[in-house]
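Pasted below: entry38.txt, compact mmCIF, C-alpha atoms and all ligand atoms.
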```
# COMPACT_ATOMS: atom_id res chain seq x y z
CA MET A 817 0.00 0.00 0.00
CA LYS A 818 1.03 3.58 -0.60
CA VAL A 819 0.51 6.04 2.27
CA THR A 820 0.72 9.77 1.51
CA PHE A 821 0.64 12.42 4.22
CA TRP A 822 -1.20 15.58 3.17
CA GLY A 823 -1.68 17.15 6.60
CA THR A 824 0.45 16.37 9.62
CA ARG A 825 -0.42 19.26 11.91
CA GLY A 826 -2.73 19.08 14.92
CA SER A 827 -5.31 21.53 16.27
CA THR A 828 -5.17 24.32 13.67
CA PRO A 829 -3.26 25.04 10.45
CA SER A 830 0.16 26.63 10.87
CA PRO A 831 1.38 28.44 7.76
CA GLY A 832 4.67 30.29 7.79
CA ALA A 833 8.39 30.05 7.17
CA ASP A 834 9.05 28.04 10.33
CA PHE A 835 6.72 25.24 9.23
CA LEU A 836 7.65 24.67 5.59
CA ARG A 837 9.28 21.24 5.83
CA TYR A 838 6.71 19.43 7.98
CA GLY A 839 3.85 21.50 6.60
CA GLY A 840 0.98 23.51 7.99
CA HIS A 841 -2.11 21.54 6.93
CA THR A 842 -4.12 19.62 9.52
CA SER A 843 -4.56 15.87 9.62
CA SER A 844 -5.21 13.95 6.41
CA VAL A 845 -3.59 10.81 5.04
CA ALA A 846 -4.36 9.15 1.69
CA LEU A 847 -4.01 5.40 1.11
CA ALA A 848 -3.73 3.74 -2.27
CA HIS A 849 -3.12 0.24 -3.53
CA ASP A 850 0.36 0.38 -5.06
CA SER A 851 0.15 2.43 -8.27
CA GLY A 852 -3.61 3.04 -8.10
CA PRO A 853 -5.29 6.31 -7.12
CA PRO A 854 -6.00 7.04 -3.46
CA THR A 855 -9.24 5.33 -2.44
CA LEU A 856 -9.12 5.60 1.35
CA VAL A 857 -8.53 8.87 3.19
CA ILE A 858 -8.07 9.00 6.94
CA ASP A 859 -9.24 12.30 8.40
CA ALA A 860 -10.34 15.35 6.48
CA GLY A 861 -8.32 18.19 7.91
CA THR A 862 -7.24 20.98 5.60
CA GLY A 863 -4.68 18.60 4.06
CA ILE A 864 -7.44 16.76 2.19
CA ARG A 865 -7.33 19.54 -0.42
CA LYS A 866 -4.02 18.05 -1.51
CA VAL A 867 -5.68 14.70 -2.23
CA SER A 868 -7.50 16.50 -5.05
CA GLU A 869 -4.12 17.58 -6.46
CA GLN A 870 -2.90 13.98 -6.17
CA LEU A 871 -5.92 12.88 -8.23
CA ALA A 872 -5.01 15.45 -10.90
CA GLY A 873 -8.52 16.38 -11.98
CA THR A 874 -10.12 12.95 -11.67
CA ALA A 875 -12.96 12.28 -9.25
CA PHE A 876 -12.39 10.65 -5.89
CA ARG A 877 -14.11 7.28 -5.64
CA GLY A 878 -13.58 5.80 -2.23
CA ALA A 879 -14.04 6.21 1.50
CA ILE A 880 -13.12 8.75 4.14
CA LEU A 881 -12.59 7.53 7.69
CA LEU A 882 -12.93 10.24 10.33
CA SER A 883 -11.10 9.35 13.56
CA HIS A 884 -13.29 11.93 15.34
CA LEU A 885 -15.04 15.20 14.62
CA HIS A 886 -12.76 17.93 15.97
CA TRP A 887 -12.26 20.80 13.54
CA ASP A 888 -8.70 19.85 12.60
CA HIS A 889 -10.03 16.50 11.27
CA VAL A 890 -13.11 17.70 9.33
CA HIS A 891 -12.53 21.27 8.16
CA GLY A 892 -11.23 20.18 4.77
CA LEU A 893 -14.37 18.25 3.78
CA PRO A 894 -16.16 21.09 1.93
CA PHE A 895 -12.93 21.98 0.08
CA PHE A 896 -12.33 18.45 -1.20
CA SER A 897 -12.92 19.27 -4.87
CA ALA A 898 -12.10 15.76 -6.13
CA GLY A 899 -15.00 14.57 -4.01
CA MET A 900 -17.31 16.87 -5.96
CA ALA A 901 -16.00 16.19 -9.47
CA PRO A 902 -18.32 14.41 -11.93
CA GLY A 903 -18.42 10.70 -11.18
CA HIS A 904 -17.44 11.10 -7.53
CA ARG A 905 -18.36 8.53 -4.90
CA VAL A 906 -17.53 9.45 -1.30
CA ARG A 907 -18.47 7.15 1.56
CA VAL A 908 -17.80 8.88 4.89
CA LEU A 909 -17.58 6.85 8.11
CA LEU A 910 -17.65 8.84 11.32
CA PRO A 911 -18.23 8.39 15.05
CA SER A 912 -21.70 9.61 15.92
CA PRO A 913 -23.58 9.93 19.20
CA ASP A 914 -26.78 10.25 17.12
CA ALA A 915 -28.38 7.37 15.26
CA ASP A 916 -28.02 9.47 12.10
CA PRO A 917 -24.36 10.41 11.53
CA LEU A 918 -25.36 13.10 9.03
CA GLU A 919 -27.23 14.87 11.82
CA THR A 920 -24.08 14.82 13.99
CA LEU A 921 -21.85 16.19 11.25
CA THR A 922 -24.39 18.83 10.24
CA ARG A 923 -24.45 20.32 13.76
CA GLY A 924 -20.94 21.72 13.33
CA PHE A 925 -21.03 22.12 9.55
CA SER A 926 -24.08 24.12 8.40
CA PRO A 927 -25.27 27.75 8.61
CA PRO A 928 -24.43 29.82 10.58
CA HIS A 929 -21.12 27.95 11.13
CA PHE A 930 -20.55 27.37 7.40
CA PRO A 931 -22.50 28.37 4.25
CA ILE A 932 -23.53 24.85 3.30
CA ALA A 933 -24.34 21.54 5.01
CA PRO A 934 -22.75 18.15 4.26
CA SER A 935 -25.92 17.05 2.45
CA GLN A 936 -25.05 19.64 -0.23
CA LEU A 937 -21.57 18.29 -0.99
CA GLY A 938 -22.78 16.14 -3.85
CA PRO A 939 -25.14 13.33 -4.89
CA GLY A 940 -22.43 10.70 -4.46
CA TRP A 941 -21.77 11.38 -0.79
CA SER A 942 -23.02 8.98 1.89
CA PHE A 943 -22.54 9.01 5.65
CA GLU A 944 -22.30 6.00 7.91
CA ARG A 945 -21.80 5.53 11.60
CA LEU A 946 -18.40 4.16 12.56
CA GLU A 947 -18.38 1.51 15.27
CA GLU A 948 -15.68 -0.47 17.01
CA GLY A 949 -14.73 -3.64 15.16
CA THR A 950 -13.47 -4.84 11.82
CA THR A 951 -14.78 -3.80 8.43
CA GLY A 952 -13.67 -3.90 4.81
CA LEU A 953 -13.34 -0.72 2.75
CA GLU A 954 -11.95 -0.31 -0.75
CA GLY A 955 -9.90 -3.49 -0.53
CA PHE A 956 -8.47 -2.60 2.89
CA ARG A 957 -9.26 -4.41 6.15
CA ILE A 958 -9.85 -1.95 8.97
CA LEU A 959 -9.96 -2.53 12.71
CA ALA A 960 -11.37 0.45 14.65
CA ARG A 961 -10.85 0.77 18.40
CA GLU A 962 -11.82 3.63 20.69
CA LEU A 963 -8.99 5.74 22.11
CA PRO A 964 -9.04 8.01 25.16
CA HIS A 965 -9.04 11.67 23.99
CA ARG A 966 -11.24 14.65 24.91
CA GLY A 967 -14.64 15.86 23.78
CA GLY A 968 -16.28 13.07 21.82
CA GLN A 969 -15.70 9.51 20.76
CA THR A 970 -12.33 9.00 19.03
CA PHE A 971 -11.08 6.01 17.07
CA GLY A 972 -7.68 4.62 16.18
CA PHE A 973 -7.27 2.31 13.19
CA ARG A 974 -5.28 -0.70 12.11
CA ILE A 975 -5.36 -1.04 8.35
CA THR A 976 -4.07 -3.90 6.23
CA ASP A 977 -4.18 -4.70 2.53
CA GLY A 978 -3.37 -8.37 3.06
CA THR A 979 0.35 -7.70 2.77
CA ALA A 980 1.31 -4.55 4.67
CA SER A 981 -0.13 -2.99 7.81
CA LEU A 982 -0.50 0.51 9.19
CA ALA A 983 -1.68 1.71 12.61
CA TYR A 984 -3.07 5.25 12.89
CA LEU A 985 -3.45 6.56 16.44
CA THR A 986 -3.85 10.29 16.56
CA ASP A 987 -5.51 12.42 19.21
CA HIS A 988 -4.69 9.85 21.86
CA CYS A 989 -4.40 10.61 25.57
CA PRO A 990 -2.95 7.47 27.16
CA THR A 991 -2.28 9.24 30.48
CA ASP A 992 -6.07 9.03 31.00
CA PHE A 993 -5.50 5.33 31.68
CA GLY A 994 -2.59 5.88 34.07
CA PRO A 995 1.12 6.73 33.89
CA GLY A 996 2.23 3.43 32.32
CA PRO A 997 5.67 1.90 32.72
CA GLY A 998 7.67 5.00 31.71
CA GLY A 999 5.31 7.63 33.09
CA TYR A 1000 4.29 8.67 29.54
CA GLY A 1001 0.89 6.97 29.62
CA ALA A 1002 -0.58 3.48 29.76
CA LEU A 1003 0.33 0.96 27.09
CA HIS A 1004 -3.30 -0.07 27.11
CA GLU A 1005 -5.00 -2.97 25.38
CA ALA A 1006 -6.66 -1.01 22.54
CA ALA A 1007 -3.43 0.77 21.61
CA LEU A 1008 -1.50 -2.50 21.66
CA GLU A 1009 -4.13 -4.33 19.62
CA LEU A 1010 -4.04 -1.63 16.95
CA ALA A 1011 -0.26 -1.35 16.81
CA THR A 1012 1.19 -4.80 17.49
CA GLY A 1013 3.51 -5.91 14.72
CA VAL A 1014 2.51 -3.28 12.14
CA ASP A 1015 4.88 -2.12 9.44
CA LEU A 1016 4.22 1.52 10.28
CA LEU A 1017 2.80 3.22 13.36
CA VAL A 1018 1.55 6.78 12.85
CA HIS A 1019 1.08 8.30 16.27
CA ASP A 1020 0.06 11.53 17.99
CA ALA A 1021 3.18 13.43 19.08
CA GLN A 1022 1.62 16.79 19.81
CA PHE A 1023 3.70 17.14 22.96
CA VAL A 1024 6.96 16.01 24.55
CA ALA A 1025 7.16 14.44 27.99
CA ALA A 1026 8.73 17.58 29.51
CA GLU A 1027 5.54 19.53 28.77
CA PHE A 1028 3.50 17.22 31.06
CA PRO A 1029 1.65 17.45 33.41
CA GLY A 1030 0.71 20.98 32.30
CA VAL A 1031 -0.76 19.75 29.02
CA ALA A 1032 -2.33 16.54 30.34
CA ASN A 1033 -5.85 17.96 30.09
CA LEU A 1034 -5.52 18.68 26.35
CA GLY A 1035 -6.04 15.06 25.30
CA HIS A 1036 -2.80 14.24 23.51
CA ALA A 1037 0.29 12.06 23.77
CA SER A 1038 4.00 12.79 23.93
CA ALA A 1039 6.57 11.73 21.35
CA GLU A 1040 8.16 9.64 24.12
CA TYR A 1041 4.91 7.72 24.57
CA ALA A 1042 4.74 7.07 20.82
CA ALA A 1043 8.26 5.60 20.95
CA ALA A 1044 7.41 3.49 24.01
CA LEU A 1045 4.31 2.09 22.32
CA ALA A 1046 6.27 1.43 19.12
CA GLU A 1047 8.81 -0.59 21.10
CA ALA A 1048 6.23 -2.49 23.20
CA ALA A 1049 4.17 -3.30 20.10
CA HIS A 1050 7.23 -4.39 18.07
CA VAL A 1051 6.37 -2.19 15.12
CA ARG A 1052 8.82 -1.84 12.23
CA ALA A 1053 8.83 1.96 12.05
CA LEU A 1054 7.28 4.97 13.80
CA LEU A 1055 6.19 8.27 12.30
CA LEU A 1056 5.42 11.10 14.72
CA TYR A 1057 2.23 12.87 13.65
CA HIS A 1058 -0.26 15.60 14.68
CA HIS A 1059 2.55 18.05 15.42
CA SER A 1060 1.69 20.98 17.63
CA PRO A 1061 0.83 24.03 15.48
CA SER A 1062 3.56 26.00 17.26
CA ARG A 1063 6.31 23.36 16.78
CA THR A 1064 8.84 24.64 14.25
CA ASP A 1065 10.67 22.45 11.75
CA GLU A 1066 13.84 22.70 13.84
CA GLU A 1067 11.97 21.72 16.99
CA ILE A 1068 10.46 18.66 15.29
CA ASP A 1069 13.95 17.69 14.06
CA ALA A 1070 15.18 17.94 17.66
CA ILE A 1071 12.38 15.68 18.92
CA VAL A 1072 13.31 13.05 16.31
CA THR A 1073 17.01 13.35 17.21
CA GLY A 1074 16.13 12.91 20.89
CA LEU A 1075 14.54 9.54 20.07
CA ALA A 1076 17.45 8.31 17.93
CA SER A 1077 18.39 5.63 20.47
CA SER A 1078 14.92 4.07 20.28
CA PRO A 1079 15.06 0.44 19.04
CA VAL A 1080 12.34 1.31 16.48
CA PRO A 1081 13.34 3.74 13.69
CA VAL A 1082 11.63 7.10 14.33
CA ALA A 1083 10.92 9.92 11.88
CA ALA A 1084 8.36 12.70 11.74
CA ALA A 1085 5.50 12.71 9.24
CA ARG A 1086 5.95 15.48 6.71
CA GLU A 1087 3.38 16.97 4.35
CA GLY A 1088 3.78 15.45 0.88
CA MET A 1089 5.70 12.41 2.13
CA THR A 1090 4.79 9.04 0.62
CA VAL A 1091 5.64 5.78 2.34
CA GLU A 1092 5.38 2.53 0.39
CA LEU A 1093 4.60 -0.42 2.63
ZN ZN A 1101 -6.56 16.68 16.28
ZN ZN A 1102 -9.03 15.87 18.68
```
Is it possible to express this structure as structure tokens?
Amino acid sequence: MKVTFWGTRGSTPSPGADFLRYGGHTSSVALAHDSGPPTLVIDAGTGIRKVSEQLAGTAFRGAILLSHLHWDHVHGLPFFSAGMAPGHRVRVLLPSPDADPLETLTRGFSPPHFPIAPSQLGPGWSFERLEEGTTGLEGFRILARELPHRGGQTFGFRITDGTASLAYLTDHCPTDFGPGPGGYGALHEAALELATGVDLLVHDAQFVAAEFPGVANLGHASAEYAAALAEAAHVRALLLYHHSPSRTDEEIDAIVTGLASSPVPVAAAREGMTVEL
């Protein structure tokens, strides 16, 4: 599978000269089968606009998985032009406290918050409630598990194409389940089930351990926790993700350098980066 990062930032976009290398767009990752077009997008932050560029004028036909509904994971939806091109088919799966997921999404995405509602995105859009468990989408096998975060149900994913595997755990607050062995947060069962043995773990690294406990109520993990989970779950590689909007390129480089002695290779997800698994 081919995994392309189009938004790696958490919370809010961060344009500017200090953020050029890792990028300023919020969370969005596109998955494709080898040389095919992207057919599965995880999260629809502002980075999803770049998926339209990747499709080079052709319509998106596939699924969008929303880990949760915070702004930095949905704000790109109405700007996803490939999802509105003739011939589009966009199946959106989202956590929903309401029986009708469209009703949930519409509450934060309709006048007066935004000029249009999701029902106006196009005739090929459909909305389904995301539940814990395993499902098949666009030739990928997806396991969804709930993660501790803040302000609404949040899912992490384990995705396989039969050959390679990816775990996507963003907006994850493992300290909610206790300090864990290193004090960075619990290596809890859901996180381990999602991550164990994967080829690539993409994990929330909004903070570093030194910023805790002051940031513990914000619902995120530290880069040190991501490395500890990567080691405990025996993953092949770790990409730090959901960078703080104030973290400069140099500061992200320093976080990666600080984890260089980790037994699992660590890098930071960068906008425009493609990883072939
Ligand atoms: Zn987020
Ligand atoms: Zn969030």
If I take atom CA of Val1014 of chain A and atom CA of Phe835 of chain A, how far is one from the other in Å, to one decimal? 29.0 Å
Would you compute the distance between atom CA of Tyr1000 of chain A and atom CA of Tyr1041 of chain A? Give it in Å to one decimal. 5.1 Å
Hey, which residues sit close to ligand ZN 1101 (chain A)? Say within 6 Å, counting all atoms listed in the file, and write them as a PyMOL selection string. chain A and resi 826-827+888+987
Restricting the calculation to only C-alpha atoms, which member of A:Cys989, A:Leu1045, A:Leu1010, A:Leu982 is positioned closest to Gly949 of chain A?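 The shortest atom-to-atom distance to Gly949 of chain A comes from A:Leu1010.
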Kindly work out which residues sit at most 10 Å from ligand ZN 1102 (chain A), using only C-alpha atoms and all ligand atoms, and give the list as a ChimeraX atom specification. /A:826-827,883-889,965-970,986-989,1034-1036,1058
Excluding segment 868-877 of chain A and any residue of its chain fewer than 5 positions from it, enumerate the residues within 7 Å of it, using only C-alpha atoms, and give them as a PyMOL selection string. chain A and resi 853+855+896-899+901-906
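Residues having any atom no farther than 6 Å from (-9.5, 24.8, 6.0) (counting only C-alpha atoms) are Thr862, His891 and Gly892 of chain A.
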Next, dump the selected residues to file, keeping only C-alpha atoms, as a PDB file, in the coordinates of the input.
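part-v8.pdb written:
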```pdb
ATOM      1  CA  THR A 862      -7.240  20.980   5.600  1.00  0.00           C
ATOM      2  CA  HIS A 891     -12.530  21.270   8.160  1.00  0.00           C
ATOM      3  CA  GLY A 892     -11.230  20.180   4.770  1.00  0.00           C
TER       4      GLY A 892
END
```
Within 12 Å of Ala1037 of chain A using only C-alpha atoms, minus same-chain residues under 6 positions, as a ChimeraX atom specification: /A:826,963-966,985-993,995,999-1003,1019-1029,1031,1043-1045,1056-1060
Skipping near chain neighbours, those fewer than 4 positions away, what residues fall within 8 Å of Ala1084 of chain A using all atoms listed in the file, listed as a PyMOL selection string? chain A and resi 838+1055-1057+1068-1069+1072
May I have the selected residues written with C-alpha atoms, as a CSV table (one decimal), in the frame of the given file?
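Dumped everything to out-v5.csv:
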```
chain,number,residue,atom,x,y,z
A,838,TYR,CA,6.7,19.4,8.0
A,1055,LEU,CA,6.2,8.3,12.3
A,1056,LEU,CA,5.4,11.1,14.7
A,1057,TYR,CA,2.2,12.9,13.6
A,1068,ILE,CA,10.5,18.7,15.3
A,1069,ASP,CA,14.0,17.7,14.1
A,1072,VAL,CA,13.3,13.0,16.3
```
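Put simply, atom CA of Ala1083 of chain A is 27.3 Å away from atom CA of Ala879 of chain A.
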